[in-house]
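Notes to accompany the following structure.
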Amino acid sequence: MTTDQDSSVDGQSAVALFAAKGIDVTSGKDKGVLKIVKVQGLDGDRPMIGDRVTLHYTGKLLNGKKVDSSLDRKEPFSFSLGKGQVIKAWDISVMTMQKGEVCSLLCGPDYAYGAPGNPPKVPPNSTLLFEVELLDFQGEMLTEDGGVMRRIKTKGEGFTNPNDGATVDVHLEGRCEGQLFDSRDVRFVVGEAEDKGVPLGVDRAMEKMQKGECCLLQLQSKYGFGREGKPELQIGPNKDVLYEVTLRDFKKAKESWEMDLKEKLELSAEVKRKGNQYFKAGFLQQAVIQYQRIVSWLEMECGIGEEQQRKTQEFLLLSQLNLALCFLRLQEFSHVVDNCNKVMELDAKNEKALYRRGEARLCRNEFSLAMADFQQVLQVNPLNRAARAQITTCQRKMREHQERDKKIYANMFQKFAEHDRKVGKQKRRKDESIQNNGEVGNKRRRRSQENS
């Protein structure tokens, strides 16, 4: 970016320059935001709605007074594009930029801080000058592990989104390594997209989309077609895929607060069957979605009458146990422990919950805790051979870790001892050197005294 001296021009000159060379980037072409490119960016994509953009900027009033600058703070500024986190002029203009581009912007009050201004630095109805350098941008991460990234091509309408159980009508175009493998209109139930051959990543993105939205979804293999791939679509194992998805319409499923307990229990039976179906087919993430729906409906219910209470507790207990088993196979061990703990809030001596929690703790190398769980299993059921075998495994693992720790500490202490010996040896040499130098100095002084 240029320095303040390089960019300092008076207000009238700036307005004249933008009038002559500026490009109107507003949708209505009302000249509320004019742009002049100073340094061309790299060829390629431009940011889309929802992208996380990072840039440097300097903002000034028309009189040349600086309003703000990321350069002064020596720290780039980041925000989510098109979400109203910054002035409207930025949401509009940054979408026209390329990575590495530097541009100047003339922003009218309606696209900046409007009639109120932004006291004390920006007076009311101020036109602002900005110099902006786009450093980087990336799509919006829809999952914590970064496995699903969204880039919005066309913003949707309204403020509602499909929920689990909603029926959605979408148009899909799927590509792998640039090759189109899927193009169709499809209707599916959110949480059950697998039934229509729609991958998990597209299913999970539905809850973030709005009617009319068109977006690009970059799916890592675990959210696409996984280790097996999709041979019939010529997609190999562990391949990332790209989907362009348009949400044409949807009908939301009832929210928990819209149903009475009788309806929740009826739906829970259907959803449990669906979850078990996915589990048996090896679709663990899809099974998790179904079991979690039951928990979300029933965890705050107490029931009216013994029969409703019994059914509610039974569905909750089975759902938590099934979630623990799914997460155990997915190797998400902290979730296993959490689900088993919730089971034991309902049934403190539940054999399956104790055993699965022990398995998770064993996998986390928490041997003492795991052994305690397996011992509790034997207290509940002394005939459980698997628990007895796991106790033996815990004892063996504990011995192995103790032996390994002994070797580590022995090597550590040996290194400390060697270091101490070296330091001691160097100190003795230094002391001997000082002593020898002292003796030599004494001899010289004696000879000097004798000669005098």
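Naming works like this for the structure tokens: A, B, ... for the chains as they're shown, residue 1 at the start of each chain, ligands 1 onward in shown order.
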
Neighbours of region 166-183 of chain A within 10 Å (only C-alpha atoms; same-chain residues fewer than 2 positions away dropped), as a CSV table (one decimal) with N, CA and C atoms, in the first residue's frame?
chain,number,residue,atom,x,y,z
A,161,ASN,N,-34.2,-21.2,8.4
A,161,ASN,CA,-33.3,-22.2,7.8
A,161,ASN,C,-34.0,-23.6,8.0
A,162,PRO,N,-33.8,-24.5,7.1
A,162,PRO,CA,-34.3,-25.9,7.4
A,162,PRO,C,-33.7,-26.4,8.7
A,163,ASN,N,-34.5,-27.3,9.3
A,163,ASN,CA,-34.0,-28.0,10.5
A,163,ASN,C,-34.0,-29.5,10.3
A,164,ASP,N,-33.4,-30.2,11.2
A,164,ASP,CA,-33.4,-31.7,11.1
A,164,ASP,C,-34.9,-32.2,11.0
A,185,ASP,N,-32.3,-32.4,-9.7
A,185,ASP,CA,-33.2,-31.8,-8.7
A,185,ASP,C,-33.5,-33.0,-7.8
A,186,VAL,N,-33.5,-32.7,-6.5
A,186,VAL,CA,-33.8,-33.8,-5.6
A,186,VAL,C,-34.5,-33.3,-4.4
A,187,ARG,N,-35.4,-34.1,-3.8
A,187,ARG,CA,-36.1,-33.7,-2.6
A,187,ARG,C,-35.7,-34.7,-1.5
A,188,PHE,N,-35.3,-34.3,-0.3
A,188,PHE,CA,-34.9,-35.2,0.7
A,188,PHE,C,-35.2,-34.6,2.1
A,189,VAL,N,-35.2,-35.4,3.1
A,189,VAL,CA,-35.4,-35.0,4.5
A,189,VAL,C,-34.1,-34.7,5.1
A,190,VAL,N,-33.9,-33.5,5.7
A,190,VAL,CA,-32.7,-33.2,6.4
A,190,VAL,C,-32.4,-34.2,7.5
A,191,GLY,N,-31.2,-34.8,7.5
A,191,GLY,CA,-30.8,-35.8,8.4
A,191,GLY,C,-30.9,-37.2,7.8
A,192,GLU,N,-31.6,-37.3,6.6
A,192,GLU,CA,-31.8,-38.5,5.9
A,192,GLU,C,-31.4,-38.4,4.4
A,193,ALA,N,-30.5,-37.5,4.1
A,193,ALA,CA,-30.1,-37.3,2.7
A,193,ALA,C,-29.4,-38.5,2.1
A,198,VAL,N,-27.3,-38.4,-1.3
A,198,VAL,CA,-26.7,-37.1,-1.1
A,198,VAL,C,-25.8,-37.2,0.1
A,202,VAL,N,-23.5,-32.1,2.4
A,202,VAL,CA,-24.6,-31.4,1.8
A,202,VAL,C,-25.7,-31.3,2.8
A,203,ASP,N,-26.0,-32.5,3.4
A,203,ASP,CA,-27.1,-32.6,4.4
A,203,ASP,C,-26.9,-31.6,5.6
A,206,MET,N,-27.5,-27.8,5.0
A,206,MET,CA,-28.9,-27.3,4.9
A,206,MET,C,-29.3,-26.4,6.0
A,207,GLU,N,-28.9,-26.7,7.2
A,207,GLU,CA,-29.3,-26.0,8.4
A,207,GLU,C,-28.7,-24.5,8.4
A,211,LYS,N,-33.8,-20.0,1.8
A,211,LYS,CA,-34.5,-20.2,0.5
A,211,LYS,C,-33.9,-19.3,-0.6
A,212,GLY,N,-33.6,-19.9,-1.7
A,212,GLY,CA,-33.1,-19.2,-2.8
A,212,GLY,C,-31.6,-19.1,-2.9
A,213,GLU,N,-30.9,-19.5,-1.8
A,213,GLU,CA,-29.4,-19.5,-1.7
A,213,GLU,C,-28.8,-20.4,-2.7
A,214,CYS,N,-27.7,-20.0,-3.3
A,214,CYS,CA,-26.9,-20.9,-4.2
A,214,CYS,C,-25.5,-20.8,-3.6
A,216,LEU,N,-21.4,-22.8,-3.0
A,216,LEU,CA,-20.4,-23.9,-3.3
A,216,LEU,C,-20.1,-24.5,-2.0
A,217,LEU,N,-20.1,-25.9,-1.9
A,217,LEU,CA,-19.7,-26.6,-0.8
A,217,LEU,C,-18.5,-27.5,-1.1
A,218,GLN,N,-17.4,-27.2,-0.4
A,218,GLN,CA,-16.2,-28.0,-0.6
A,218,GLN,C,-16.2,-29.0,0.5
A,232,GLU,N,-19.7,-46.3,-8.7
A,232,GLU,CA,-20.6,-46.1,-9.8
A,232,GLU,C,-20.6,-44.7,-10.4
A,233,LEU,N,-20.1,-43.7,-9.6
A,233,LEU,CA,-19.9,-42.3,-10.1
A,233,LEU,C,-18.5,-42.0,-10.4
A,234,GLN,N,-17.6,-43.1,-10.4
A,234,GLN,CA,-16.2,-42.9,-10.8
A,234,GLN,C,-15.5,-42.0,-9.8
A,235,ILE,N,-15.9,-42.1,-8.5
A,235,ILE,CA,-15.2,-41.4,-7.4
A,235,ILE,C,-14.4,-42.3,-6.6
A,236,GLY,N,-13.1,-42.2,-6.5
A,236,GLY,CA,-12.2,-43.1,-5.8
A,236,GLY,C,-12.3,-42.9,-4.3
A,239,LYS,N,-11.7,-39.2,-1.7
A,239,LYS,CA,-11.6,-38.0,-2.6
A,239,LYS,C,-12.5,-36.9,-2.0
A,240,ASP,N,-11.9,-35.7,-2.1
A,240,ASP,CA,-12.7,-34.5,-1.8
A,240,ASP,C,-13.6,-34.2,-3.0
A,241,VAL,N,-14.8,-33.6,-2.7
A,241,VAL,CA,-15.7,-33.3,-3.8
A,241,VAL,C,-16.2,-31.8,-3.6
A,242,LEU,N,-16.7,-31.3,-4.7
A,242,LEU,CA,-17.3,-29.9,-4.7
A,242,LEU,C,-18.7,-30.0,-5.2
A,243,TYR,N,-19.6,-29.4,-4.4
A,243,TYR,CA,-21.0,-29.4,-4.8
A,243,TYR,C,-21.5,-27.9,-5.0
A,244,GLU,N,-22.2,-27.6,-6.0
A,244,GLU,CA,-23.0,-26.4,-6.1
A,244,GLU,C,-24.4,-26.7,-5.8
A,245,VAL,N,-24.9,-26.0,-4.8
A,245,VAL,CA,-26.2,-26.4,-4.2
A,245,VAL,C,-27.1,-25.2,-4.2
A,246,THR,N,-28.3,-25.3,-4.8
A,246,THR,CA,-29.4,-24.3,-4.8
A,246,THR,C,-30.5,-24.8,-4.0
A,247,LEU,N,-30.9,-24.1,-2.9
A,247,LEU,CA,-32.0,-24.4,-2.1
A,247,LEU,C,-33.3,-23.7,-2.6
A,248,ARG,N,-34.1,-24.5,-3.3
A,248,ARG,CA,-35.2,-23.9,-4.0
A,248,ARG,C,-36.4,-23.7,-3.1
A,249,ASP,N,-36.6,-24.6,-2.2
A,249,ASP,CA,-37.7,-24.4,-1.2
A,249,ASP,C,-37.5,-25.4,-0.1
A,250,PHE,N,-38.2,-25.2,1.0
A,250,PHE,CA,-38.2,-26.2,2.1
A,250,PHE,C,-39.4,-26.0,3.0
A,251,LYS,N,-39.7,-27.1,3.7
A,251,LYS,CA,-40.8,-27.1,4.7
A,251,LYS,C,-40.2,-27.5,6.0
A,252,LYS,N,-40.2,-26.7,7.0
A,252,LYS,CA,-39.6,-27.0,8.3
A,252,LYS,C,-40.4,-28.1,9.0
A,253,ALA,N,-39.6,-29.0,9.7
A,253,ALA,CA,-40.2,-29.9,10.6
A,253,ALA,C,-40.6,-29.2,11.9
A,254,LYS,N,-41.6,-29.8,12.6
A,254,LYS,CA,-42.0,-29.2,13.9
A,254,LYS,C,-40.8,-29.1,14.9

All strand (DSSP E) positions in region 119-351 of chain A, as a PyMOL selection string: chain A and resi 128-138+140-141+148-154+167-176+179-189+214-219+241-251

Selection: 8 Å around Val288 (chain A), only C-alpha atoms, excl. self and same-chain fewer than 4 positions, as a PyMOL selection string: chain A and resi 275+284+292+323+326

Test item, helix (DSSP H, G or I) assignment across region 141-379 of chain A, answer as a PyMOL selection string: chain A and resi 193-196+200-208+221-223+231-233+256-258+261-281+284-298+306-329+333-346+351-363+367-379

Residue contacts of Cys394 (chain A) (8 Å, only C-alpha atoms) excluding same-chain residues fewer than 6 positions away, as an MDAnalysis selection string: chainID A and resid 362 367:368 370:371

Separation of CA of Val295 (chain A) from CA of Glu270 (chain A), in Å and rounded to one decimal: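 A separation of 13.6 Å between them.
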
Determine, counting only C-alpha atoms, which protein, DNA and RNA residues have an atom within 9 Å of an atom of Lys264 (chain A); residues of the same chain fewer than 5 positions away are not included. Present the result as a compact mmCIF listing (two decimals) with C-alpha atoms, in the first residue's frame.
# COMPACT_ATOMS: atom_id res chain seq x y z
CA SER A 256 -39.70 -29.45 20.00
CA MET A 259 -45.16 -30.87 19.93
CA ALA A 269 -39.98 -44.54 17.84
CA ILE A 294 -34.60 -37.92 20.30
CA TRP A 297 -36.96 -33.71 22.26
CA LEU A 298 -37.05 -35.63 25.52

CA of Pro47 (chain A) to CA of Thr26 (chain A), distance in Å rounded to a single decimal: 16.0 Å

Residue neighbourhood Arg73 (chain A), 12 Å, only C-alpha atoms, exclusion window fewer than 4 positions, as a ChimeraX atom specification: /A:56-58,68-69,77

For Leu129 (chain A): contacts at 7 Å, only C-alpha atoms, fewer than 6 positions along chain excluded, given as a VMD selection string: chain A and resid 59 to 62 105 to 107

Only N, CA, C and O atoms, please: the residues just picked out, written as a tab-separated table (two decimals), in the first residue's frame.
chain	number	residue	atom	x	y	z
A	59	GLY	N	-8.32	4.79	6.15
A	59	GLY	CA	-9.50	5.58	5.84
A	59	GLY	C	-9.29	7.04	6.20
A	59	GLY	O	-8.69	7.36	7.23
A	60	LYS	N	-9.79	7.94	5.34
A	60	LYS	CA	-9.64	9.38	5.57
A	60	LYS	C	-10.93	10.11	5.22
A	60	LYS	O	-11.76	9.63	4.44
A	61	LEU	N	-11.06	11.28	5.81
A	61	LEU	CA	-12.10	12.21	5.39
A	61	LEU	C	-11.62	12.93	4.13
A	61	LEU	O	-10.43	12.86	3.76
A	62	LEU	N	-12.54	13.65	3.47
A	62	LEU	CA	-12.15	14.38	2.26
A	62	LEU	C	-11.14	15.49	2.55
A	62	LEU	O	-10.40	15.92	1.65
A	105	LEU	N	-11.14	3.70	-2.71
A	105	LEU	CA	-12.60	3.75	-2.71
A	105	LEU	C	-13.08	5.14	-2.29
A	105	LEU	O	-12.55	5.71	-1.34
A	106	LEU	N	-14.07	5.65	-2.99
A	106	LEU	CA	-14.77	6.86	-2.57
A	106	LEU	C	-16.17	6.43	-2.16
A	106	LEU	O	-16.94	5.94	-2.98
A	107	CYS	N	-16.47	6.57	-0.86
A	107	CYS	CA	-17.69	6.01	-0.29
A	107	CYS	C	-18.61	7.12	0.18
A	107	CYS	O	-18.26	7.88	1.11
